[in-house]
Amino acid sequence: MLADEPSFQRVRAALLDTGELVRAVASGRQRGAAVQFRRVELRYVQLKAGLRLQVTSYDDTQASTRNVELGEPTETVVDGLLTGGYAGWHVEGVTQTLQLRITKKGRPLLNVAARSTGEHQEPQRQHDRPKRRRLDEHDPLFALLGITTAEGVVKPSRTAKFRQVQDLLAAVDPLVDDAVRLGPGRDIGPERPLRLVDLGCGNAYLTFAAFRYLTTVRGLPVQVTGVDVKEQALRHNTDIAARLGVADAVTFMQGSIAQAAPGEPPDLVLALHACDTATDEALARAVTWGAPVVVAAPCCHSDIARQLASESTPQAYRLVTRHGILRERFADVLTDALRAALLRLAGYRVDVIEFVDSRHTPRNALIRAVRTGSPAHAETWQAYDDLTTQWGVTPALETMLSGVFSHPRGRLA
């Protein structure tokens, strides 16, 4: 009996450990087996009557939840699920993650990944948790992109990519209402969808994720255009759109960011990990279009770094740029600070936040901008001029936006 296998016993112990279990998911179906539900989620919740095992079962149309007393009732439920024919288990714990998969030949394969002390995940015991606005791992997109298995379990090797998608959606979500309000407004509908353009989309992982999120979670009509210079990206992305059944709403074009012409001006512009001045090209294109919302994750800040290496550094800061690695890191910060300032000068409200955890990449800033149309204050111009003059740099974005500003650089009202 499979449940007697050591791998099943280890999963069982993890499911019954009230202090360790964060969340568990059973999904898929073993060959020749019938399962009652498409998917079952388990976690412990704190009720007035005490700690309970919350079991949420999903069929094709709805979800049902029950709270089970600890002890024998909980063991009965867990044992029933473990012998219930499910092909995959994903068990998230405080200190480790277990993934159990039953092969077509009925052989259990268990993968255990320990978490370091800094990665420990604390269980959420509230009965009514705030809804997490994200794209579920069972969305068919993730399987098509190779991020999850057919059963909707995130592959260990693709965990970072999955987290990156979730982080992007969390960062974009607060700006969606602004994009609708300043874009289609009350006219939003099939004839006037929310228009999204992804500049430098690459293989479009995040492009498709944004589309699926906006349509399936936020319930919005959306038209997406992805732009990339590589022919391979065009072929790959067009194929994924067709396989996902959204080729009429998600289209791609091959070309440079500067040449991008999506037809109608976009309401939301994404530029994620465009290298060096390609990010500046994307920001300049968005400003020229008058895009209501812009979200950019810069990468490879080489332009300002080169200028710092060749120009005279202020005497008081020569210790900062003396060493190459410190000069490079400072250039990253200076570049994005100047980009944010230029967007403010162009009439946008701007914030810069952490995109993904710094453990995954040191270049993890995300620039978010919402168009207000308000003219920049003289103090902002002065601060920008002081900073660029002191360091002897001219940002690429400034040059690209030279025809946009009502003020030439250095001439204040």
# chains A, B, ... in the order shown; residues from 1 in each chain; ligands from 1
>>> residues_around(residues="Val293 of chain A", least_positions_apart="4", cutoff="10 Å", atoms="only C-alpha atoms", output="list in words")
Val172, Leu175, Val176, Asp177, Asp178, Ala179, Val180, Leu182, Gly183, Leu196, Pro266, Asp267, Leu268, Val269, Leu270, Ala286, Val287, Tyr348, Arg349, Val350, Arg368, Ala369, Val370, Arg371 and Thr372 of chain A
>>> write_last_selection(atoms="C-alpha atoms", output="short mmCIF file (atom, residue, chain, number, x, y, z; two decimals), in the first residue's frame")
data_model
loop_
_atom_site.label_atom_id
_atom_site.label_comp_id
_atom_site.auth_asym_id
_atom_site.auth_seq_id
_atom_site.Cartn_x
_atom_site.Cartn_y
_atom_site.Cartn_z
CA VAL A 172 1.46 46.39 -10.61
CA LEU A 175 -1.60 50.97 -10.32
CA VAL A 176 -4.28 49.16 -12.32
CA ASP A 177 -7.06 51.49 -11.19
CA ASP A 178 -4.95 54.50 -12.24
CA ALA A 179 -4.36 52.95 -15.66
CA VAL A 180 -8.09 52.40 -16.13
CA LEU A 182 -6.57 57.74 -16.90
CA GLY A 183 -6.98 55.45 -19.91
CA LEU A 196 -0.74 47.26 -22.30
CA PRO A 266 -1.00 52.39 -24.42
CA ASP A 267 -2.49 52.89 -20.96
CA LEU A 268 0.14 50.78 -19.18
CA VAL A 269 3.75 50.38 -20.27
CA LEU A 270 6.04 47.69 -18.90
CA ALA A 286 6.19 55.88 -22.60
CA VAL A 287 6.47 59.59 -21.83
CA TYR A 348 4.55 61.85 -13.32
CA ARG A 349 4.15 60.80 -9.70
CA VAL A 350 6.98 58.36 -9.07
CA ARG A 368 6.51 53.00 -10.87
CA ALA A 369 5.12 56.17 -12.40
CA VAL A 370 1.60 57.55 -12.75
CA ARG A 371 0.93 60.54 -14.98
CA THR A 372 -0.49 63.57 -13.17
#
>>> select_by_dssp(residues="segment 212-406 of chain A", states="helix (DSSP H, G or I)", output="count of residues only")
90
>>> residues_around(residues="segment 75-82 of chain A", least_positions_apart="2", cutoff="9 Å", atoms="only C-alpha atoms", output="number ranges by chain")
A: 2-3, 8, 11-12, 15-16, 26, 40, 55, 68, 70-73, 84-86, 89
>>> closest_residue(among="A:Ala87, A:Met400, A:Ala242, A:Leu51", to="Thr74 of chain A", atoms="only C-alpha atoms")
A:Leu51
>>> residues_around(residues="Lys105 of chain A", least_positions_apart="4", cutoff="12 Å", atoms="only C-alpha atoms", output="ChimeraX atom specification")
/A:30-32,87,101,109
>>> select_by_dssp(residues="segment 87-286 of chain A", states="strand (DSSP E)", output="PyMOL selection string")
chain A and resi 88-93+96-102+108-114+194-199+222-228+250-254+268-275
>>> write_last_selection(atoms="N, CA and C atoms", output="compact mmCIF listing (two decimals), in the first residue's frame")
# COMPACT_ATOMS: atom_id res chain seq x y z
N GLY A 88 0.02 14.32 -6.83
CA GLY A 88 1.04 15.26 -6.38
C GLY A 88 0.69 15.92 -5.07
N TRP A 89 1.70 16.11 -4.22
CA TRP A 89 1.56 16.84 -2.97
C TRP A 89 2.65 17.91 -2.90
N HIS A 90 2.24 19.12 -2.57
CA HIS A 90 3.19 20.22 -2.34
C HIS A 90 2.95 20.70 -0.91
N VAL A 91 3.93 20.49 -0.04
CA VAL A 91 3.77 20.79 1.38
C VAL A 91 4.79 21.86 1.78
N GLU A 92 4.30 23.04 2.09
CA GLU A 92 5.16 24.14 2.53
C GLU A 92 5.21 24.15 4.05
N GLY A 93 6.41 24.07 4.59
CA GLY A 93 6.58 24.12 6.03
C GLY A 93 7.40 25.32 6.45
N GLN A 96 11.00 23.65 5.84
CA GLN A 96 11.29 22.86 4.65
C GLN A 96 10.06 22.80 3.74
N THR A 97 10.30 22.43 2.50
CA THR A 97 9.24 22.21 1.52
C THR A 97 9.38 20.79 0.99
N LEU A 98 8.26 20.07 0.97
CA LEU A 98 8.24 18.70 0.46
C LEU A 98 7.38 18.66 -0.80
N GLN A 99 7.88 17.97 -1.81
CA GLN A 99 7.12 17.76 -3.03
C GLN A 99 7.11 16.27 -3.34
N LEU A 100 5.91 15.69 -3.30
CA LEU A 100 5.75 14.26 -3.56
C LEU A 100 4.98 14.07 -4.86
N ARG A 101 5.56 13.28 -5.77
CA ARG A 101 4.92 13.02 -7.06
C ARG A 101 4.84 11.52 -7.28
N ILE A 102 3.69 11.05 -7.75
CA ILE A 102 3.51 9.64 -8.06
C ILE A 102 3.66 9.48 -9.57
N PRO A 108 6.45 6.50 -5.91
CA PRO A 108 6.49 7.82 -5.27
C PRO A 108 7.90 8.42 -5.35
N LEU A 109 7.98 9.68 -5.74
CA LEU A 109 9.24 10.41 -5.78
C LEU A 109 9.11 11.61 -4.85
N LEU A 110 9.97 11.69 -3.86
CA LEU A 110 9.89 12.75 -2.87
C LEU A 110 11.10 13.66 -2.98
N ASN A 111 10.85 14.96 -3.05
CA ASN A 111 11.92 15.96 -3.03
C ASN A 111 11.74 16.82 -1.79
N VAL A 112 12.81 16.98 -1.02
CA VAL A 112 12.77 17.78 0.21
C VAL A 112 13.78 18.91 0.09
N ALA A 113 13.32 20.14 0.27
CA ALA A 113 14.20 21.31 0.21
C ALA A 113 14.13 22.04 1.55
N ALA A 114 15.26 22.07 2.24
CA ALA A 114 15.32 22.76 3.54
C ALA A 114 15.42 24.26 3.34
N LEU A 194 -8.28 47.92 -21.91
CA LEU A 194 -7.07 48.48 -21.33
C LEU A 194 -5.91 48.05 -22.23
N ARG A 195 -5.10 49.00 -22.66
CA ARG A 195 -4.02 48.69 -23.59
C ARG A 195 -2.69 48.62 -22.84
N LEU A 196 -2.01 47.49 -22.97
CA LEU A 196 -0.74 47.26 -22.30
C LEU A 196 0.33 47.00 -23.35
N VAL A 197 1.47 47.65 -23.20
CA VAL A 197 2.61 47.41 -24.08
C VAL A 197 3.80 47.02 -23.21
N ASP A 198 4.46 45.93 -23.58
CA ASP A 198 5.67 45.48 -22.88
C ASP A 198 6.85 45.68 -23.83
N LEU A 199 7.72 46.61 -23.49
CA LEU A 199 8.86 46.96 -24.33
C LEU A 199 10.09 46.15 -23.92
N VAL A 222 -8.51 43.41 -21.94
CA VAL A 222 -7.13 43.87 -22.11
C VAL A 222 -6.62 43.53 -23.50
N GLN A 223 -5.89 44.44 -24.09
CA GLN A 223 -5.19 44.21 -25.35
C GLN A 223 -3.70 44.41 -25.09
N VAL A 224 -2.89 43.42 -25.40
CA VAL A 224 -1.46 43.45 -25.08
C VAL A 224 -0.63 43.42 -26.36
N THR A 225 0.42 44.23 -26.36
CA THR A 225 1.41 44.19 -27.45
C THR A 225 2.79 44.02 -26.82
N GLY A 226 3.51 43.01 -27.24
CA GLY A 226 4.87 42.80 -26.78
C GLY A 226 5.85 43.15 -27.88
N VAL A 227 6.93 43.84 -27.52
CA VAL A 227 7.91 44.29 -28.49
C VAL A 227 9.29 43.76 -28.10
N ASP A 228 9.96 43.13 -29.05
CA ASP A 228 11.33 42.68 -28.80
C ASP A 228 12.07 42.62 -30.12
N VAL A 250 -3.38 39.11 -27.43
CA VAL A 250 -1.96 39.26 -27.09
C VAL A 250 -1.15 39.06 -28.37
N THR A 251 -0.57 40.14 -28.87
CA THR A 251 0.19 40.08 -30.11
C THR A 251 1.62 40.57 -29.88
N PHE A 252 2.50 40.22 -30.79
CA PHE A 252 3.91 40.58 -30.65
C PHE A 252 4.45 41.14 -31.95
N MET A 253 5.44 42.00 -31.81
CA MET A 253 6.09 42.57 -32.98
C MET A 253 7.60 42.59 -32.77
N GLN A 254 8.31 42.40 -33.87
CA GLN A 254 9.77 42.41 -33.81
C GLN A 254 10.27 43.80 -34.19
N LEU A 268 -0.82 51.34 -20.14
CA LEU A 268 0.14 50.78 -19.18
C LEU A 268 1.35 50.28 -19.95
N VAL A 269 2.52 50.78 -19.60
CA VAL A 269 3.75 50.38 -20.27
C VAL A 269 4.63 49.64 -19.28
N LEU A 270 5.10 48.46 -19.68
CA LEU A 270 6.04 47.69 -18.90
C LEU A 270 7.39 47.68 -19.60
N ALA A 271 8.45 47.78 -18.83
CA ALA A 271 9.81 47.65 -19.35
C ALA A 271 10.61 46.93 -18.28
N LEU A 272 10.72 45.62 -18.40
CA LEU A 272 11.25 44.80 -17.33
C LEU A 272 12.58 44.17 -17.74
N HIS A 273 13.63 44.62 -17.08
CA HIS A 273 14.97 44.11 -17.30
C HIS A 273 15.52 44.42 -18.68
N ALA A 274 15.11 45.57 -19.22
CA ALA A 274 15.74 46.06 -20.45
C ALA A 274 17.13 46.59 -20.08
N CYS A 275 18.15 46.15 -20.81
CA CYS A 275 19.53 46.44 -20.42
C CYS A 275 19.94 47.89 -20.69
>>> closest_residue(among="A:Leu366, A:Val246, A:Leu326, A:Arg192", to="Ala170 of chain A", atoms="only C-alpha atoms")
A:Leu366
>>> decode(residues="segment 118-227 of chain A", atoms="C-alpha atoms", output="JSON list (two decimals), in the first residue's frame")
[["chain", "number", "residue", "atom", "x", "y", "z"],
["A", 118, "GLY", "CA", 16.50, 33.60, 7.09],
["A", 119, "GLU", "CA", 13.98, 31.89, 4.77],
["A", 120, "HIS", "CA", 11.73, 30.43, 7.46],
["A", 121, "GLN", "CA", 8.10, 31.02, 6.58],
["A", 122, "GLU", "CA", 5.71, 31.79, 9.41],
["A", 123, "PRO", "CA", 2.24, 30.15, 9.24],
["A", 124, "GLN", "CA", -0.80, 32.41, 8.89],
["A", 125, "ARG", "CA", -3.35, 31.13, 11.39],
["A", 126, "GLN", "CA", -6.09, 33.73, 10.87],
["A", 127, "HIS", "CA", -9.41, 32.16, 9.87],
["A", 128, "ASP", "CA", -10.25, 34.98, 7.44],
["A", 129, "ARG", "CA", -7.05, 35.91, 5.64],
["A", 130, "PRO", "CA", -6.89, 38.92, 3.35],
["A", 131, "LYS", "CA", -7.28, 37.68, -0.21],
["A", 132, "ARG", "CA", -3.94, 37.39, -1.98],
["A", 133, "ARG", "CA", -4.34, 39.11, -5.31],
["A", 134, "ARG", "CA", -2.08, 36.97, -7.44],
["A", 135, "LEU", "CA", -2.11, 34.46, -10.26],
["A", 136, "ASP", "CA", -2.68, 30.92, -9.01],
["A", 137, "GLU", "CA", -0.03, 28.36, -9.76],
["A", 138, "HIS", "CA", -2.72, 26.20, -11.40],
["A", 139, "ASP", "CA", -3.26, 28.78, -14.13],
["A", 140, "PRO", "CA", -2.53, 26.95, -17.42],
["A", 141, "LEU", "CA", -0.02, 29.64, -18.35],
["A", 142, "PHE", "CA", 2.55, 28.36, -15.86],
["A", 143, "ALA", "CA", 2.47, 24.83, -17.25],
["A", 144, "LEU", "CA", 2.84, 26.17, -20.80],
["A", 145, "LEU", "CA", 5.87, 28.20, -19.75],
["A", 146, "GLY", "CA", 7.41, 25.20, -17.99],
["A", 147, "ILE", "CA", 7.22, 26.82, -14.54],
["A", 148, "THR", "CA", 4.86, 24.21, -13.08],
["A", 149, "THR", "CA", 4.06, 20.57, -13.68],
["A", 150, "ALA", "CA", 0.83, 19.55, -15.39],
["A", 151, "GLU", "CA", -0.66, 19.22, -11.90],
["A", 152, "GLY", "CA", 0.10, 22.86, -11.09],
["A", 153, "VAL", "CA", 3.06, 22.28, -8.77],
["A", 154, "VAL", "CA", 5.92, 24.77, -9.10],
["A", 155, "LYS", "CA", 9.11, 23.06, -10.26],
["A", 156, "PRO", "CA", 11.99, 23.52, -7.77],
["A", 157, "SER", "CA", 14.23, 24.88, -10.52],
["A", 158, "ARG", "CA", 11.64, 27.50, -11.49],
["A", 159, "THR", "CA", 10.72, 28.75, -8.03],
["A", 160, "ALA", "CA", 12.62, 32.02, -8.48],
["A", 161, "LYS", "CA", 10.82, 32.72, -11.76],
["A", 162, "PHE", "CA", 7.45, 31.98, -10.15],
["A", 163, "ARG", "CA", 8.24, 34.35, -7.28],
["A", 164, "GLN", "CA", 9.32, 37.02, -9.74],
["A", 165, "VAL", "CA", 5.96, 36.78, -11.49],
["A", 166, "GLN", "CA", 4.09, 37.08, -8.20],
["A", 167, "ASP", "CA", 6.24, 40.04, -7.12],
["A", 168, "LEU", "CA", 5.52, 41.85, -10.37],
["A", 169, "LEU", "CA", 1.78, 41.32, -10.06],
["A", 170, "ALA", "CA", 1.84, 42.58, -6.48],
["A", 171, "ALA", "CA", 3.71, 45.70, -7.61],
["A", 172, "VAL", "CA", 1.46, 46.39, -10.61],
["A", 173, "ASP", "CA", -1.86, 45.77, -8.84],
["A", 174, "PRO", "CA", -2.06, 49.13, -7.00],
["A", 175, "LEU", "CA", -1.60, 50.97, -10.32],
["A", 176, "VAL", "CA", -4.28, 49.16, -12.32],
["A", 177, "ASP", "CA", -7.06, 51.49, -11.19],
["A", 178, "ASP", "CA", -4.95, 54.50, -12.24],
["A", 179, "ALA", "CA", -4.36, 52.95, -15.66],
["A", 180, "VAL", "CA", -8.09, 52.40, -16.13],
["A", 181, "ARG", "CA", -9.07, 55.82, -14.78],
["A", 182, "LEU", "CA", -6.57, 57.74, -16.90],
["A", 183, "GLY", "CA", -6.98, 55.45, -19.91],
["A", 184, "PRO", "CA", -10.32, 54.03, -21.02],
["A", 185, "GLY", "CA", -12.18, 55.25, -17.92],
["A", 186, "ARG", "CA", -15.91, 54.47, -17.99],
["A", 187, "ASP", "CA", -15.66, 53.51, -21.65],
["A", 188, "ILE", "CA", -13.68, 50.37, -20.83],
["A", 189, "GLY", "CA", -15.10, 47.34, -22.59],
["A", 190, "PRO", "CA", -14.48, 45.04, -25.55],
["A", 191, "GLU", "CA", -14.43, 48.05, -27.89],
["A", 192, "ARG", "CA", -12.04, 49.99, -25.63],
["A", 193, "PRO", "CA", -9.91, 47.57, -23.64],
["A", 194, "LEU", "CA", -7.07, 48.48, -21.33],
["A", 195, "ARG", "CA", -4.02, 48.69, -23.59],
["A", 196, "LEU", "CA", -0.74, 47.26, -22.30],
["A", 197, "VAL", "CA", 2.61, 47.41, -24.08],
["A", 198, "ASP", "CA", 5.67, 45.48, -22.88],
["A", 199, "LEU", "CA", 8.86, 46.96, -24.33],
["A", 200, "GLY", "CA", 11.76, 44.52, -24.55],
["A", 201, "CYS", "CA", 9.47, 41.65, -23.59],
["A", 202, "GLY", "CA", 11.95, 38.82, -24.27],
["A", 203, "ASN", "CA", 10.20, 35.45, -23.88],
["A", 204, "ALA", "CA", 7.21, 37.26, -22.35],
["A", 205, "TYR", "CA", 6.87, 35.38, -19.07],
["A", 206, "LEU", "CA", 5.84, 38.58, -17.33],
["A", 207, "THR", "CA", 3.85, 39.84, -20.32],
["A", 208, "PHE", "CA", 1.58, 36.80, -20.28],
["A", 209, "ALA", "CA", 1.37, 36.82, -16.48],
["A", 210, "ALA", "CA", 0.22, 40.45, -16.48],
["A", 211, "PHE", "CA", -2.39, 39.65, -19.14],
["A", 212, "ARG", "CA", -3.72, 36.62, -17.27],
["A", 213, "TYR", "CA", -3.82, 38.55, -14.01],
["A", 214, "LEU", "CA", -5.62, 41.56, -15.46],
["A", 215, "THR", "CA", -8.17, 39.39, -17.26],
["A", 216, "THR", "CA", -8.78, 36.44, -14.94],
["A", 217, "VAL", "CA", -8.24, 38.06, -11.54],
["A", 218, "ARG", "CA", -9.16, 41.70, -12.17],
["A", 219, "GLY", "CA", -11.77, 40.85, -14.80],
["A", 220, "LEU", "CA", -10.70, 43.55, -17.27],
["A", 221, "PRO", "CA", -10.78, 43.54, -21.08],
["A", 222, "VAL", "CA", -7.13, 43.87, -22.11],
["A", 223, "GLN", "CA", -5.19, 44.21, -25.35],
["A", 224, "VAL", "CA", -1.46, 43.45, -25.08],
["A", 225, "THR", "CA", 1.41, 44.19, -27.45],
["A", 226, "GLY", "CA", 4.87, 42.80, -26.78],
["A", 227, "VAL", "CA", 7.91, 44.29, -28.49]]
